[in-house]
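J.: Let me begin by handing over the structure; questions about it come next.
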Amino acid sequence: MTRSRENGGPTRTLSTAETGVLLAVMAHLIWGGMAFYFGLIRHISPIEIAVNRGFWALPIAVAVVWYLGQWPDVRRAVTNPKHLAILALTSALIVFNWGFYVWSIEVGRTLESSLGYFINPLLNVVMGYLFLGERFTRPQKVALGLAAAGVLIQTVALGHFPWLGLMLAVTFCLYGFLRKTIPVGPTQGFLIEVAIVALPLLGAEWWLAAHGEARFGTNLHDTLMLIGCGVMTAASLMLYAASIRRIRYSTAGLLQYMSPSLVFLTAVFVFGEPMNTLKLVSFCVIWAALAVFSVSALRDERHRRQDAAAA
């Protein structure tokens, strides 16, 4: 963080961590709103929605990379076999995740899918602890314990093994971890990911059209809504990839409770899915965990700034 003077007054710029948190919040607000958006197009196949999420994100990624002058970075990444292989894996993980998430909303299992994204931050914390050397203060450990308790209550309230939620959690956790651990920028990496799957996605759309199941091009409303899926997808994933390169992976995990909480509220108050006392309790416990962790993280960041200023 730096300080400068403009018109005689101090101006504070955001630190790297604060910028990362802001980018993460923006990404999760978009993701949280996607449940409502997908609910408006339940008559469209989840396969076609997943296809269009990836395909229409491609021109947006190209435009952003061109505007930022990042083509040399893209060329370096695609000529590195290891980085290209990892991005091929992350592209497969995210398309798989998209498809099952949309399917869960269309079949009325939005609450179960939100459970998956409640579980995912805990997996992020475990990955950060095991592989990235991240450690936690006592309040943060309390927050993690509360979060784990909230997820356990959610699982009990669900009444059966949450295979759908776990599948969504594991695939997205692996996606975020792999993207954080390779030296490829967020927009550059996203462009490569969607480029890798562009032809298979186009083939899937052709197959749907050949079998009379495609909605794209049949009317203006469905066509624009499908294109909008790509716009929202590109914006959220590029914001998320940019954020996790600036903040601790465990912090990214705890912030991730924002989007499933919005999905939870959408499922209950918009889609009318049933909510019992246990589900409500779990929701409150998880948000309490997020509050405790956030306060502790902000206090630590303030202490680091003070120590840096004193040095």
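By order in the structure tokens, chains are A, B, ...; within a chain, residues start at 1; ligands start at 1, following the order shown.
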Residues near A:Thr110, anyone? I mean within 12 Å using only C-alpha atoms, not counting same-chain ones fewer than 4 positions away, as a ChimeraX atom specification.
T.: /A:32,34-36,38-39,100-106,114-117,158,164-165,168,260-275
J.: Go ahead and write the residues just picked, C-alpha atoms, as a PDB file, in the first residue's frame.
T.:
```pdb
ATOM      1  CA  GLY A  32     -24.364 -15.723  -6.486  1.00  0.00           C
ATOM      2  CA  MET A  34     -26.155 -16.802 -11.572  1.00  0.00           C
ATOM      3  CA  ALA A  35     -28.555 -19.132  -9.740  1.00  0.00           C
ATOM      4  CA  PHE A  36     -31.416 -16.704 -10.340  1.00  0.00           C
ATOM      5  CA  PHE A  38     -30.178 -19.909 -14.661  1.00  0.00           C
ATOM      6  CA  GLY A  39     -33.585 -20.253 -13.058  1.00  0.00           C
ATOM      7  CA  PHE A 100     -23.511 -30.218 -12.948  1.00  0.00           C
ATOM      8  CA  TYR A 101     -24.225 -26.874 -11.301  1.00  0.00           C
ATOM      9  CA  VAL A 102     -26.742 -25.869 -13.969  1.00  0.00           C
ATOM     10  CA  TRP A 103     -28.277 -29.352 -13.878  1.00  0.00           C
ATOM     11  CA  SER A 104     -28.756 -29.130 -10.099  1.00  0.00           C
ATOM     12  CA  ILE A 105     -30.717 -25.888 -10.484  1.00  0.00           C
ATOM     13  CA  GLU A 106     -32.895 -27.230 -13.288  1.00  0.00           C
ATOM     14  CA  SER A 114     -25.076 -24.539  -2.531  1.00  0.00           C
ATOM     15  CA  LEU A 115     -23.880 -27.073   0.065  1.00  0.00           C
ATOM     16  CA  GLY A 116     -21.089 -27.996  -2.328  1.00  0.00           C
ATOM     17  CA  TYR A 117     -19.887 -24.420  -2.442  1.00  0.00           C
ATOM     18  CA  LEU A 158     -29.958 -32.774   3.668  1.00  0.00           C
ATOM     19  CA  LEU A 164     -23.492 -33.685  -5.759  1.00  0.00           C
ATOM     20  CA  GLY A 165     -22.195 -31.050  -3.367  1.00  0.00           C
ATOM     21  CA  LEU A 168     -18.903 -29.524  -7.133  1.00  0.00           C
ATOM     22  CA  PRO A 260     -23.380 -20.100  -1.914  1.00  0.00           C
ATOM     23  CA  SER A 261     -25.152 -17.967   0.671  1.00  0.00           C
ATOM     24  CA  LEU A 262     -26.728 -15.943  -2.143  1.00  0.00           C
ATOM     25  CA  VAL A 263     -27.604 -19.201  -3.911  1.00  0.00           C
ATOM     26  CA  PHE A 264     -29.098 -20.507  -0.650  1.00  0.00           C
ATOM     27  CA  LEU A 265     -31.303 -17.430  -0.319  1.00  0.00           C
ATOM     28  CA  THR A 266     -32.328 -17.661  -3.976  1.00  0.00           C
ATOM     29  CA  ALA A 267     -33.260 -21.322  -3.575  1.00  0.00           C
ATOM     30  CA  VAL A 268     -35.447 -20.645  -0.546  1.00  0.00           C
ATOM     31  CA  PHE A 269     -37.039 -17.273  -1.290  1.00  0.00           C
ATOM     32  CA  VAL A 270     -37.155 -17.286  -5.102  1.00  0.00           C
ATOM     33  CA  PHE A 271     -37.363 -20.942  -6.131  1.00  0.00           C
ATOM     34  CA  GLY A 272     -39.365 -21.940  -3.046  1.00  0.00           C
ATOM     35  CA  GLU A 273     -37.243 -24.956  -2.121  1.00  0.00           C
ATOM     36  CA  PRO A 274     -38.016 -26.201   1.417  1.00  0.00           C
ATOM     37  CA  MET A 275     -35.932 -24.971   4.346  1.00  0.00           C
TER      38      MET A 275
END
```
J.: Set the distance at 10 Å and use only C-alpha atoms: which residues neighbour A:Trp287 once local chain neighbours fewer than 5 positions away are removed? I'd like the list as a PDB file with all heavy atoms, in the first residue's frame.
T.:
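Listed below is the output, around19.pdb:
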```pdb
ATOM      1  N   ALA A 143     -12.960 -19.857  13.684  1.00  0.00           N
ATOM      2  CA  ALA A 143     -13.824 -19.640  12.527  1.00  0.00           C
ATOM      3  C   ALA A 143     -13.908 -20.891  11.659  1.00  0.00           C
ATOM      4  O   ALA A 143     -14.998 -21.264  11.186  1.00  0.00           O
ATOM      5  CB  ALA A 143     -13.306 -18.465  11.698  1.00  0.00           C
ATOM      6  N   LEU A 146     -16.152 -23.396  13.328  1.00  0.00           N
ATOM      7  CA  LEU A 146     -17.557 -23.033  13.137  1.00  0.00           C
ATOM      8  C   LEU A 146     -18.030 -23.383  11.733  1.00  0.00           C
ATOM      9  O   LEU A 146     -19.136 -23.908  11.538  1.00  0.00           O
ATOM     10  CB  LEU A 146     -17.755 -21.537  13.386  1.00  0.00           C
ATOM     11  CG  LEU A 146     -17.745 -21.060  14.836  1.00  0.00           C
ATOM     12  CD1 LEU A 146     -17.769 -19.529  14.877  1.00  0.00           C
ATOM     13  CD2 LEU A 146     -18.955 -21.621  15.582  1.00  0.00           C
ATOM     14  N   ALA A 147     -17.189 -23.092  10.744  1.00  0.00           N
ATOM     15  CA  ALA A 147     -17.551 -23.382   9.362  1.00  0.00           C
ATOM     16  C   ALA A 147     -17.740 -24.881   9.149  1.00  0.00           C
ATOM     17  O   ALA A 147     -18.693 -25.314   8.489  1.00  0.00           O
ATOM     18  CB  ALA A 147     -16.478 -22.851   8.413  1.00  0.00           C
ATOM     19  N   GLY A 150     -20.989 -25.876  10.643  1.00  0.00           N
ATOM     20  CA  GLY A 150     -22.103 -25.466   9.793  1.00  0.00           C
ATOM     21  C   GLY A 150     -22.307 -26.388   8.614  1.00  0.00           C
ATOM     22  O   GLY A 150     -23.440 -26.735   8.257  1.00  0.00           O
ATOM     23  N   LEU A 254     -12.616 -18.640   2.503  1.00  0.00           N
ATOM     24  CA  LEU A 254     -13.636 -18.121   3.412  1.00  0.00           C
ATOM     25  C   LEU A 254     -14.523 -17.096   2.717  1.00  0.00           C
ATOM     26  O   LEU A 254     -15.728 -17.024   2.965  1.00  0.00           O
ATOM     27  CB  LEU A 254     -12.988 -17.539   4.659  1.00  0.00           C
ATOM     28  CG  LEU A 254     -12.817 -18.493   5.852  1.00  0.00           C
ATOM     29  CD1 LEU A 254     -14.171 -18.898   6.391  1.00  0.00           C
ATOM     30  CD2 LEU A 254     -12.022 -19.734   5.484  1.00  0.00           C
ATOM     31  N   TYR A 257     -17.820 -18.118   0.831  1.00  0.00           N
ATOM     32  CA  TYR A 257     -19.137 -18.360   1.423  1.00  0.00           C
ATOM     33  C   TYR A 257     -20.171 -17.350   0.935  1.00  0.00           C
ATOM     34  O   TYR A 257     -21.374 -17.547   1.111  1.00  0.00           O
ATOM     35  CB  TYR A 257     -19.054 -18.324   2.955  1.00  0.00           C
ATOM     36  CG  TYR A 257     -18.515 -19.596   3.539  1.00  0.00           C
ATOM     37  CD1 TYR A 257     -17.402 -19.591   4.370  1.00  0.00           C
ATOM     38  CD2 TYR A 257     -19.106 -20.804   3.247  1.00  0.00           C
ATOM     39  CE1 TYR A 257     -16.899 -20.762   4.895  1.00  0.00           C
ATOM     40  CE2 TYR A 257     -18.614 -21.983   3.765  1.00  0.00           C
ATOM     41  CZ  TYR A 257     -17.506 -21.955   4.598  1.00  0.00           C
ATOM     42  OH  TYR A 257     -17.021 -23.124   5.101  1.00  0.00           O
ATOM     43  N   MET A 258     -19.728 -16.267   0.340  1.00  0.00           N
ATOM     44  CA  MET A 258     -20.674 -15.268  -0.157  1.00  0.00           C
ATOM     45  C   MET A 258     -21.593 -15.834  -1.231  1.00  0.00           C
ATOM     46  O   MET A 258     -22.819 -15.705  -1.157  1.00  0.00           O
ATOM     47  CB  MET A 258     -19.920 -14.063  -0.733  1.00  0.00           C
ATOM     48  CG  MET A 258     -19.194 -13.217   0.274  1.00  0.00           C
ATOM     49  SD  MET A 258     -18.381 -11.828  -0.528  1.00  0.00           S
ATOM     50  CE  MET A 258     -19.791 -11.008  -1.271  1.00  0.00           C
ATOM     51  N   SER A 261     -24.117 -18.563  -0.183  1.00  0.00           N
ATOM     52  CA  SER A 261     -25.152 -17.967   0.671  1.00  0.00           C
ATOM     53  C   SER A 261     -26.208 -17.271  -0.178  1.00  0.00           C
ATOM     54  O   SER A 261     -27.412 -17.367   0.088  1.00  0.00           O
ATOM     55  CB  SER A 261     -24.527 -16.978   1.658  1.00  0.00           C
ATOM     56  OG  SER A 261     -23.667 -17.642   2.555  1.00  0.00           O
ATOM     57  N   SER A 282     -27.558 -23.903  10.157  1.00  0.00           N
ATOM     58  CA  SER A 282     -26.271 -24.054   9.473  1.00  0.00           C
ATOM     59  C   SER A 282     -25.890 -22.778   8.740  1.00  0.00           C
ATOM     60  O   SER A 282     -24.724 -22.371   8.724  1.00  0.00           O
ATOM     61  CB  SER A 282     -26.323 -25.224   8.490  1.00  0.00           C
ATOM     62  OG  SER A 282     -27.157 -24.921   7.386  1.00  0.00           O
ATOM     63  N   VAL A 292     -16.079 -13.993  11.920  1.00  0.00           N
ATOM     64  CA  VAL A 292     -14.924 -14.135  12.813  1.00  0.00           C
ATOM     65  C   VAL A 292     -13.626 -14.143  12.008  1.00  0.00           C
ATOM     66  O   VAL A 292     -12.656 -13.459  12.351  1.00  0.00           O
ATOM     67  CB  VAL A 292     -15.042 -15.435  13.646  1.00  0.00           C
ATOM     68  CG1 VAL A 292     -13.748 -15.693  14.425  1.00  0.00           C
ATOM     69  CG2 VAL A 292     -16.221 -15.332  14.611  1.00  0.00           C
ATOM     70  N   PHE A 293     -13.600 -14.919  10.927  1.00  0.00           N
ATOM     71  CA  PHE A 293     -12.392 -15.006  10.111  1.00  0.00           C
ATOM     72  C   PHE A 293     -12.055 -13.664   9.479  1.00  0.00           C
ATOM     73  O   PHE A 293     -10.894 -13.253   9.436  1.00  0.00           O
ATOM     74  CB  PHE A 293     -12.571 -16.071   9.026  1.00  0.00           C
ATOM     75  CG  PHE A 293     -11.287 -16.430   8.316  1.00  0.00           C
ATOM     76  CD1 PHE A 293     -10.546 -17.518   8.733  1.00  0.00           C
ATOM     77  CD2 PHE A 293     -10.834 -15.690   7.247  1.00  0.00           C
ATOM     78  CE1 PHE A 293      -9.354 -17.855   8.099  1.00  0.00           C
ATOM     79  CE2 PHE A 293      -9.651 -16.011   6.603  1.00  0.00           C
ATOM     80  CZ  PHE A 293      -8.908 -17.106   7.033  1.00  0.00           C
TER      81      PHE A 293
END
```
J.: Interatomic distance between atom CA of A:Phe172 and atom CA of A:Val184?
T.: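 Interatomic distance, atom CA of A:Phe172 to atom CA of A:Val184: 18.0 Å.
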J.: My list of candidates is A:Ile196, A:Ile60, A:Leu40, A:Leu174. Which is closest to A:Val78 when distances are computed with only C-alpha atoms?
T.: A:Ile196
J.: Excluding same-chain residues fewer than 4 positions from A:Ser296, what lies within 8 Å of it counting only C-alpha atoms, as a PyMOL selection string?
T.: chain A and resi 137+139-140+292+300
J.: Quick check for you: according to DSSP on this backbone, which residues of stretch 62-309 of chain A are classed as helix (DSSP H, G or I)? Reply as a ChimeraX atom specification.
T.: /A:62-68,71-78,81-106,110-131,138-158,163-180,186-210,220-244,249-255,258-269,277-309
